[in-house]
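Student: Here it is: the structure, laid out below.
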Amino acid sequence: MLRRHAKHLAYIGLMIVIALCISGCRKTKAGLVEGKVNVVTSFYPLYDFTKKIGGDYVNVINLVPAGVEPHDWSPKSRDIKNMTGAQVFVYQGAGFEGWVKDFLGSLSKQSTVDVVEASKGVNFIYTDEKKEEFDPHAWLSPLNARQMANNIKTALVKADPAHKDVYEQNYQNYASQLTELDGRYTTALAQTSKKEIAVSHHAFAYLCKDYGLTQMSIMGLSPDAEPTSQDLKKINAFIKDHQLKYIFFEELVSDKLAKTLAKDANVNTLVLNPLEGLTEAQLEAGEDYISIMDKNLKNLVMSLQ
């Protein structure tokens, strides 16, 4: 009996060790693999575009972990190792990744990584009168997303010309989906009675430009910027003047300020996702750029009635 009991305890212990190993493996960040094109992307939309176009021939590593807001994120030693060892590194540009300039400056002349600025070719919205700084949130326009996906496709073809036809076909399929997404936005938002939105984060200028909307934000281009009392007065007046029923917030930063302002203005809150990253739950549910953009559209239509 004692021997059997000891065996039973040993078996349970072994199962616990295995379970812990599996759990640990799930939390381990992805690494470079042999036999595929290794692509490192700076944040979620670029990761999703690359996965859709690269398919089975590409190993994509997203630098910013699920649930983490990327504006103030910076790479660690493992991330730098992945970036320097990959065949392709894709970043947004337009000042979105504050750490990229230093990283690119640190690359040796012998480096073979192909650096891709995904937003190249996009018509940027300027944020200053001197036209020296841009709003980087270009991916929130499906048409801009299509241009960015094309830049990624070009890089994959360059890195792996043997599978050019696959990348071209995958891009065409995805570009068609983005065009259809743009059509859904155009049709639905053309029919709304209101055209103004109140948001926590000034991230939706490209979306507003494409579909004839106007945004007023609590914070600036960075979601953790501190609004002044004058900023709060302005958005409160904007809500009253346009008889808005909702303030939009996002899931990766605290919604405390948005909810406080909503309570003061006697309005409700809704999610408008800037798609800078997804939560673990969203990834596990199979959400992606297009599905989240469709949810954004549903909430926009609800708020603009």
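Quick note on naming: the chains in the structure tokens go A, B, ... in the order shown, residues restart at 1 in each chain, and ligands are numbered from 1 in order of appearance.
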Among the residues of range 179-229 of chain A, find those DSSP assigns to alpha helix (DSSP H) from the backbone and print them as a PyMOL selection string.
Tutor: chain A and resi 179-190+205-211+229
Student: Calculated over only C-alpha atoms, which of the candidates A:Asp135, A:Asp255, A:Glu97, A:Glu168 has the smallest distance to Thr269 in chain A?
Tutor: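 That would be A:Asp255, the residue with the smallest distance to Thr269 in chain A.
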Student: Could you check the closest approach to Ser77 in chain A for each of A:Val115, A:Val90, A:Leu63, A:Val58 and tell me which residue wins, using only C-alpha atoms?
Tutor: A:Leu63
Student: Quick one: residues within 6 Å of Ile53 in chain A, only C-alpha atoms, excluding same-chain residues fewer than 4 positions away - as JSON, numbers by chain?
Tutor: {"A": [167, 170, 171]}
Student: Between A:Val122, A:Ala281, A:Ile61, A:Ala175, single out the one closest to Ser42 in chain A, counting only C-alpha atoms.
Tutor: A:Ile61
Student: So which residues touch Glu133 in chain A within 12 Å, counting only C-alpha atoms, skipping near sequence neighbours fewer than 2 positions away, as a PyMOL selection string?
Tutor: chain A and resi 93-96+124-131+135-136+221
Student: Could you take the residues named above and write them with all heavy atoms, as a compact mmCIF listing (two decimals), in the first residue's frame?
Tutor:
# COMPACT_ATOMS: atom_id res chain seq x y z
N GLY A 93 6.62 53.64 -38.33
CA GLY A 93 7.19 54.90 -38.78
C GLY A 93 6.34 56.08 -38.35
O GLY A 93 5.43 55.96 -37.51
N ALA A 94 6.63 57.26 -38.89
CA ALA A 94 5.93 58.51 -38.56
C ALA A 94 6.05 58.84 -37.07
O ALA A 94 5.18 59.51 -36.51
CB ALA A 94 4.46 58.43 -38.97
N GLY A 95 7.12 58.36 -36.44
CA GLY A 95 7.36 58.68 -35.04
C GLY A 95 6.61 57.81 -34.05
O GLY A 95 6.66 58.08 -32.84
N PHE A 96 5.92 56.77 -34.51
CA PHE A 96 5.13 55.95 -33.59
C PHE A 96 6.01 55.18 -32.61
O PHE A 96 5.72 55.10 -31.43
CB PHE A 96 4.25 54.98 -34.38
CG PHE A 96 3.35 54.15 -33.53
CD1 PHE A 96 2.29 54.74 -32.85
CD2 PHE A 96 3.54 52.78 -33.39
CE1 PHE A 96 1.45 53.99 -32.05
CE2 PHE A 96 2.70 52.01 -32.60
CZ PHE A 96 1.65 52.62 -31.92
N PHE A 124 0.21 61.30 -45.02
CA PHE A 124 0.12 61.55 -43.59
C PHE A 124 -0.68 62.82 -43.28
O PHE A 124 -0.73 63.76 -44.07
CB PHE A 124 1.52 61.69 -42.98
CG PHE A 124 2.23 60.38 -42.84
CD1 PHE A 124 3.42 60.15 -43.52
CD2 PHE A 124 1.74 59.39 -42.01
CE1 PHE A 124 4.10 58.96 -43.39
CE2 PHE A 124 2.41 58.18 -41.87
CZ PHE A 124 3.59 57.97 -42.57
N ILE A 125 -1.24 62.82 -42.09
CA ILE A 125 -1.88 64.00 -41.54
C ILE A 125 -0.87 64.69 -40.63
O ILE A 125 -0.31 64.08 -39.72
CB ILE A 125 -3.15 63.62 -40.74
CG1 ILE A 125 -4.21 63.04 -41.68
CG2 ILE A 125 -3.71 64.83 -39.99
CD1 ILE A 125 -5.42 62.47 -40.97
N TYR A 126 -0.62 65.97 -40.90
CA TYR A 126 0.36 66.72 -40.10
C TYR A 126 -0.26 67.14 -38.78
O TYR A 126 -1.45 67.42 -38.69
CB TYR A 126 0.83 67.96 -40.86
CG TYR A 126 1.64 67.65 -42.10
CD1 TYR A 126 1.07 67.73 -43.36
CD2 TYR A 126 2.97 67.29 -42.00
CE1 TYR A 126 1.80 67.44 -44.50
CE2 TYR A 126 3.72 67.01 -43.13
CZ TYR A 126 3.13 67.08 -44.38
OH TYR A 126 3.86 66.79 -45.51
N THR A 127 0.59 67.20 -37.75
CA THR A 127 0.11 67.60 -36.43
C THR A 127 0.66 68.96 -36.00
O THR A 127 0.35 69.43 -34.90
CB THR A 127 0.54 66.56 -35.37
OG1 THR A 127 1.97 66.46 -35.35
CG2 THR A 127 -0.06 65.20 -35.69
N ASP A 128 1.45 69.59 -36.86
CA ASP A 128 1.96 70.92 -36.54
C ASP A 128 1.95 71.79 -37.78
O ASP A 128 1.92 71.30 -38.91
CB ASP A 128 3.37 70.84 -35.95
CG ASP A 128 4.40 70.34 -36.95
OD1 ASP A 128 4.02 69.56 -37.85
OD2 ASP A 128 5.58 70.72 -36.85
N GLU A 129 1.95 73.09 -37.58
CA GLU A 129 1.87 74.03 -38.69
C GLU A 129 3.10 73.99 -39.59
O GLU A 129 3.01 74.27 -40.78
CB GLU A 129 1.67 75.45 -38.15
CG GLU A 129 0.32 75.66 -37.46
CD GLU A 129 0.16 77.07 -36.94
OE1 GLU A 129 1.11 77.87 -37.08
OE2 GLU A 129 -0.92 77.37 -36.40
N LYS A 130 4.24 73.61 -39.03
CA LYS A 130 5.46 73.55 -39.82
C LYS A 130 5.53 72.29 -40.69
O LYS A 130 6.45 72.12 -41.48
CB LYS A 130 6.68 73.60 -38.89
CG LYS A 130 6.84 74.91 -38.15
CD LYS A 130 8.08 74.88 -37.27
CE LYS A 130 8.26 76.19 -36.53
NZ LYS A 130 9.48 76.18 -35.66
N LYS A 131 4.56 71.40 -40.52
CA LYS A 131 4.48 70.14 -41.27
C LYS A 131 5.75 69.30 -41.10
O LYS A 131 6.31 68.77 -42.05
CB LYS A 131 4.22 70.42 -42.76
CG LYS A 131 2.87 71.08 -43.02
CD LYS A 131 2.57 71.20 -44.50
CE LYS A 131 1.16 71.76 -44.72
NZ LYS A 131 0.82 71.84 -46.14
N ASP A 135 0.75 62.51 -37.60
CA ASP A 135 -0.06 61.59 -36.81
C ASP A 135 0.27 60.19 -37.31
O ASP A 135 0.07 59.90 -38.50
CB ASP A 135 -1.55 61.91 -37.04
CG ASP A 135 -2.48 61.04 -36.21
OD1 ASP A 135 -2.09 59.91 -35.84
OD2 ASP A 135 -3.61 61.47 -35.95
N PRO A 136 0.75 59.29 -36.45
CA PRO A 136 1.19 57.98 -36.94
C PRO A 136 0.09 56.94 -37.10
O PRO A 136 0.33 55.88 -37.65
CB PRO A 136 2.15 57.52 -35.84
CG PRO A 136 1.61 58.13 -34.59
CD PRO A 136 1.05 59.47 -35.02
N LEU A 221 -2.19 62.54 -28.87
CA LEU A 221 -1.80 61.40 -29.69
C LEU A 221 -1.32 60.24 -28.85
O LEU A 221 -1.40 59.09 -29.27
CB LEU A 221 -0.69 61.83 -30.67
CG LEU A 221 -1.13 62.76 -31.79
CD1 LEU A 221 0.08 63.24 -32.59
CD2 LEU A 221 -2.13 62.09 -32.71
Student: For Arg146 in chain A, list every protein, DNA or RNA residue within 7 Å, evaluated using only C-alpha atoms, and leave out those in the same chain fewer than 3 positions away; present the list as a PyMOL selection string.
Tutor: chain A and resi 142-143+149-150+175+178
Student: Print the selection's residues with N, CA and C atoms to a file, as a JSON list (two decimals), in the first residue's frame.
Tutor:
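So selection-v5.json came out as:
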[["chain", "number", "residue", "atom", "x", "y", "z"],
["A", 142, "PRO", "N", -8.77, 51.75, -43.51],
["A", 142, "PRO", "CA", -8.59, 50.49, -44.24],
["A", 142, "PRO", "C", -7.81, 50.66, -45.55],
["A", 143, "LEU", "N", -7.95, 51.82, -46.19],
["A", 143, "LEU", "CA", -7.21, 52.04, -47.43],
["A", 143, "LEU", "C", -5.73, 52.22, -47.16],
["A", 149, "ALA", "N", -0.04, 46.89, -46.12],
["A", 149, "ALA", "CA", 0.04, 45.46, -46.42],
["A", 149, "ALA", "C", 0.82, 45.22, -47.71],
["A", 150, "ASN", "N", 0.67, 46.11, -48.67],
["A", 150, "ASN", "CA", 1.40, 45.99, -49.93],
["A", 150, "ASN", "C", 2.90, 46.15, -49.70],
["A", 175, "ALA", "N", -6.18, 42.32, -49.59],
["A", 175, "ALA", "CA", -6.50, 43.65, -50.09],
["A", 175, "ALA", "C", -7.99, 43.75, -50.43],
["A", 178, "LEU", "N", -9.88, 44.23, -47.24],
["A", 178, "LEU", "CA", -9.75, 45.60, -46.75],
["A", 178, "LEU", "C", -10.60, 46.57, -47.57]]
Student: Quick one: everything within 12 Å of Glu284 in chain A, counting only C-alpha atoms, minus sequence neighbours fewer than 5 positions away in the same chain. Send it as a list in words.
Tutor: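 My reading of the contact set: Ala66, Leu278 and Thr279 of chain A.
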Student: Would you mind reading off the distance between CA of Gly31 in chain A and CA of Leu104 in chain A, one decimal, in Å?
Tutor: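 Interatomic distance, CA of Gly31 in chain A to CA of Leu104 in chain A: 20.0 Å.
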Student: Nearest to Ala138 in chain A among A:Asn268, A:Ser119, A:Gln215, A:Thr179, with distances taken over only C-alpha atoms: which residue is it?
Tutor: A:Ser119
Student: Enter the distance from CA of Leu270 in chain A to CA of Tyr246 in chain A, in Å, rounded to one decimal.
Tutor: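 Calculated distance between CA of Leu270 in chain A and CA of Tyr246 in chain A is 6.5 Å.
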Student: At what distance in Å, to one decimal, does CA of Val40 in chain A lie from CA of Ala86 in chain A?
Tutor: 6.6 Å
Student: Excluding Asp182 in chain A and its own-chain neighbours fewer than 2 positions away, which residues fall within 10 Å of it when counting only C-alpha atoms? Please give them as a ChimeraX atom specification.
Tutor: /A:141-143,176-180,184-187,207,210-211,293
Student: Would you tabulate, counting only C-alpha atoms, all residues of range 179-216 of chain A that have an atom at most 10 Å from an atom of range 228-236 of chain A, showing the closest pair of atoms and their distance in Å to one decimal, sorted by chain then ascending number, as a Markdown table?
Tutor:
| residue | atom | partner | partner_atom | distance |
| --- | --- | --- | --- | --- |
| A:Ala198 | CA | A:Ile235 | CA | 7.2 |
| A:Val199 | CA | A:Ile235 | CA | 9.1 |
| A:Ser200 | CA | A:Ile235 | CA | 9.9 |
| A:Gln215 | CA | A:Ile235 | CA | 9.8 |
| A:Met216 | CA | A:Ile235 | CA | 6.3 |
Student: My list of candidates is A:Leu46, A:Pro65, A:Gly54, A:Leu272. Which is closest to Ala30 in chain A when distances are computed with only C-alpha atoms?
Tutor: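 Selected residue with least distance to Ala30 in chain A: A:Pro65.
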Student: Let's see if you can do this: from backbone DSSP, list all strand (DSSP E or B) residues in range 93-298 of chain A, as a list in words.
Tutor: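 Result set for range 93-298 of chain A (strand (DSSP E or B)): Asp114, Val115, Val116, Glu117, Ile125, Tyr126, Phe134, Asp135, Glu196, Ile197, Ala198, Val199, Thr214, Gln215, Met216, Ser217, Tyr246, Ile247, Phe248, Phe249, Asn268, Thr269, Leu270 and Val271 of chain A.
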Student: Since we have the selection now, will you write its residues out, keeping N, CA and C atoms, as a PDB file, in the first residue's frame?
Tutor:
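Output saved as out03.pdb:
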ATOM      1  N   ASP A 114      16.274  43.218 -43.561  1.00  0.00           N
ATOM      2  CA  ASP A 114      15.615  44.178 -44.443  1.00  0.00           C
ATOM      3  C   ASP A 114      14.647  44.998 -43.604  1.00  0.00           C
ATOM      4  N   VAL A 115      14.893  46.293 -43.484  1.00  0.00           N
ATOM      5  CA  VAL A 115      14.071  47.173 -42.651  1.00  0.00           C
ATOM      6  C   VAL A 115      12.964  47.785 -43.503  1.00  0.00           C
ATOM      7  N   VAL A 116      11.716  47.599 -43.054  1.00  0.00           N
ATOM      8  CA  VAL A 116      10.559  48.054 -43.826  1.00  0.00           C
ATOM      9  C   VAL A 116       9.759  49.060 -43.001  1.00  0.00           C
ATOM     10  N   GLU A 117       9.615  50.262 -43.517  1.00  0.00           N
ATOM     11  CA  GLU A 117       8.731  51.255 -42.910  1.00  0.00           C
ATOM     12  C   GLU A 117       7.354  51.062 -43.532  1.00  0.00           C
ATOM     13  N   ILE A 125      -1.241  62.817 -42.086  1.00  0.00           N
ATOM     14  CA  ILE A 125      -1.884  64.004 -41.537  1.00  0.00           C
ATOM     15  C   ILE A 125      -0.873  64.689 -40.632  1.00  0.00           C
ATOM     16  N   TYR A 126      -0.617  65.973 -40.903  1.00  0.00           N
ATOM     17  CA  TYR A 126       0.358  66.719 -40.105  1.00  0.00           C
ATOM     18  C   TYR A 126      -0.261  67.144 -38.778  1.00  0.00           C
ATOM     19  N   PHE A 134       3.981  64.075 -37.848  1.00  0.00           N
ATOM     20  CA  PHE A 134       2.817  63.407 -38.404  1.00  0.00           C
ATOM     21  C   PHE A 134       2.023  62.689 -37.327  1.00  0.00           C
ATOM     22  N   ASP A 135       0.747  62.511 -37.599  1.00  0.00           N
ATOM     23  CA  ASP A 135      -0.064  61.594 -36.811  1.00  0.00           C
ATOM     24  C   ASP A 135       0.271  60.193 -37.314  1.00  0.00           C
ATOM     25  N   GLU A 196     -20.002  63.589 -35.382  1.00  0.00           N
ATOM     26  CA  GLU A 196     -19.006  63.958 -34.381  1.00  0.00           C
ATOM     27  C   GLU A 196     -18.865  62.843 -33.347  1.00  0.00           C
ATOM     28  N   ILE A 197     -17.629  62.617 -32.903  1.00  0.00           N
ATOM     29  CA  ILE A 197     -17.370  61.617 -31.868  1.00  0.00           C
ATOM     30  C   ILE A 197     -16.448  62.202 -30.810  1.00  0.00           C
ATOM     31  N   ALA A 198     -16.670  61.775 -29.569  1.00  0.00           N
ATOM     32  CA  ALA A 198     -15.797  62.136 -28.457  1.00  0.00           C
ATOM     33  C   ALA A 198     -14.998  60.898 -28.072  1.00  0.00           C
ATOM     34  N   VAL A 199     -13.675  61.029 -28.030  1.00  0.00           N
ATOM     35  CA  VAL A 199     -12.803  59.870 -27.809  1.00  0.00           C
ATOM     36  C   VAL A 199     -11.807  60.186 -26.700  1.00  0.00           C
ATOM     37  N   THR A 214     -15.724  63.932 -37.327  1.00  0.00           N
ATOM     38  CA  THR A 214     -14.892  64.855 -36.557  1.00  0.00           C
ATOM     39  C   THR A 214     -14.703  64.276 -35.169  1.00  0.00           C
ATOM     40  N   GLN A 215     -13.455  64.231 -34.698  1.00  0.00           N
ATOM     41  CA  GLN A 215     -13.187  63.721 -33.353  1.00  0.00           C
ATOM     42  C   GLN A 215     -12.775  64.847 -32.420  1.00  0.00           C
ATOM     43  N   MET A 216     -13.184  64.717 -31.169  1.00  0.00           N
ATOM     44  CA  MET A 216     -12.671  65.554 -30.089  1.00  0.00           C
ATOM     45  C   MET A 216     -12.155  64.611 -29.024  1.00  0.00           C
ATOM     46  N   SER A 217     -10.925  64.808 -28.581  1.00  0.00           N
ATOM     47  CA  SER A 217     -10.302  63.835 -27.676  1.00  0.00           C
ATOM     48  C   SER A 217     -10.017  64.417 -26.303  1.00  0.00           C
ATOM     49  N   TYR A 246     -22.379  59.337 -26.193  1.00  0.00           N
ATOM     50  CA  TYR A 246     -21.316  58.413 -25.785  1.00  0.00           C
ATOM     51  C   TYR A 246     -19.955  59.100 -25.808  1.00  0.00           C
ATOM     52  N   ILE A 247     -19.065  58.624 -24.934  1.00  0.00           N
ATOM     53  CA  ILE A 247     -17.629  58.895 -25.021  1.00  0.00           C
ATOM     54  C   ILE A 247     -16.949  57.557 -25.270  1.00  0.00           C
ATOM     55  N   PHE A 248     -16.048  57.533 -26.246  1.00  0.00           N
ATOM     56  CA  PHE A 248     -15.330  56.301 -26.572  1.00  0.00           C
ATOM     57  C   PHE A 248     -14.058  56.166 -25.737  1.00  0.00           C
ATOM     58  N   PHE A 249     -13.798  54.951 -25.268  1.00  0.00           N
ATOM     59  CA  PHE A 249     -12.550  54.652 -24.584  1.00  0.00           C
ATOM     60  C   PHE A 249     -11.929  53.419 -25.229  1.00  0.00           C
ATOM     61  N   ASN A 268     -23.017  57.938 -21.847  1.00  0.00           N
ATOM     62  CA  ASN A 268     -22.506  56.589 -21.644  1.00  0.00           C
ATOM     63  C   ASN A 268     -21.136  56.419 -22.304  1.00  0.00           C
ATOM     64  N   THR A 269     -20.514  55.255 -22.105  1.00  0.00           N
ATOM     65  CA  THR A 269     -19.226  54.955 -22.732  1.00  0.00           C
ATOM     66  C   THR A 269     -19.353  53.756 -23.665  1.00  0.00           C
ATOM     67  N   LEU A 270     -18.526  53.752 -24.689  1.00  0.00           N
ATOM     68  CA  LEU A 270     -18.420  52.648 -25.631  1.00  0.00           C
ATOM     69  C   LEU A 270     -16.950  52.457 -25.984  1.00  0.00           C
ATOM     70  N   VAL A 271     -16.604  51.267 -26.457  1.00  0.00           N
ATOM     71  CA  VAL A 271     -15.235  51.000 -26.897  1.00  0.00           C
ATOM     72  C   VAL A 271     -15.058  51.423 -28.353  1.00  0.00           C
TER      73      VAL A 271
END
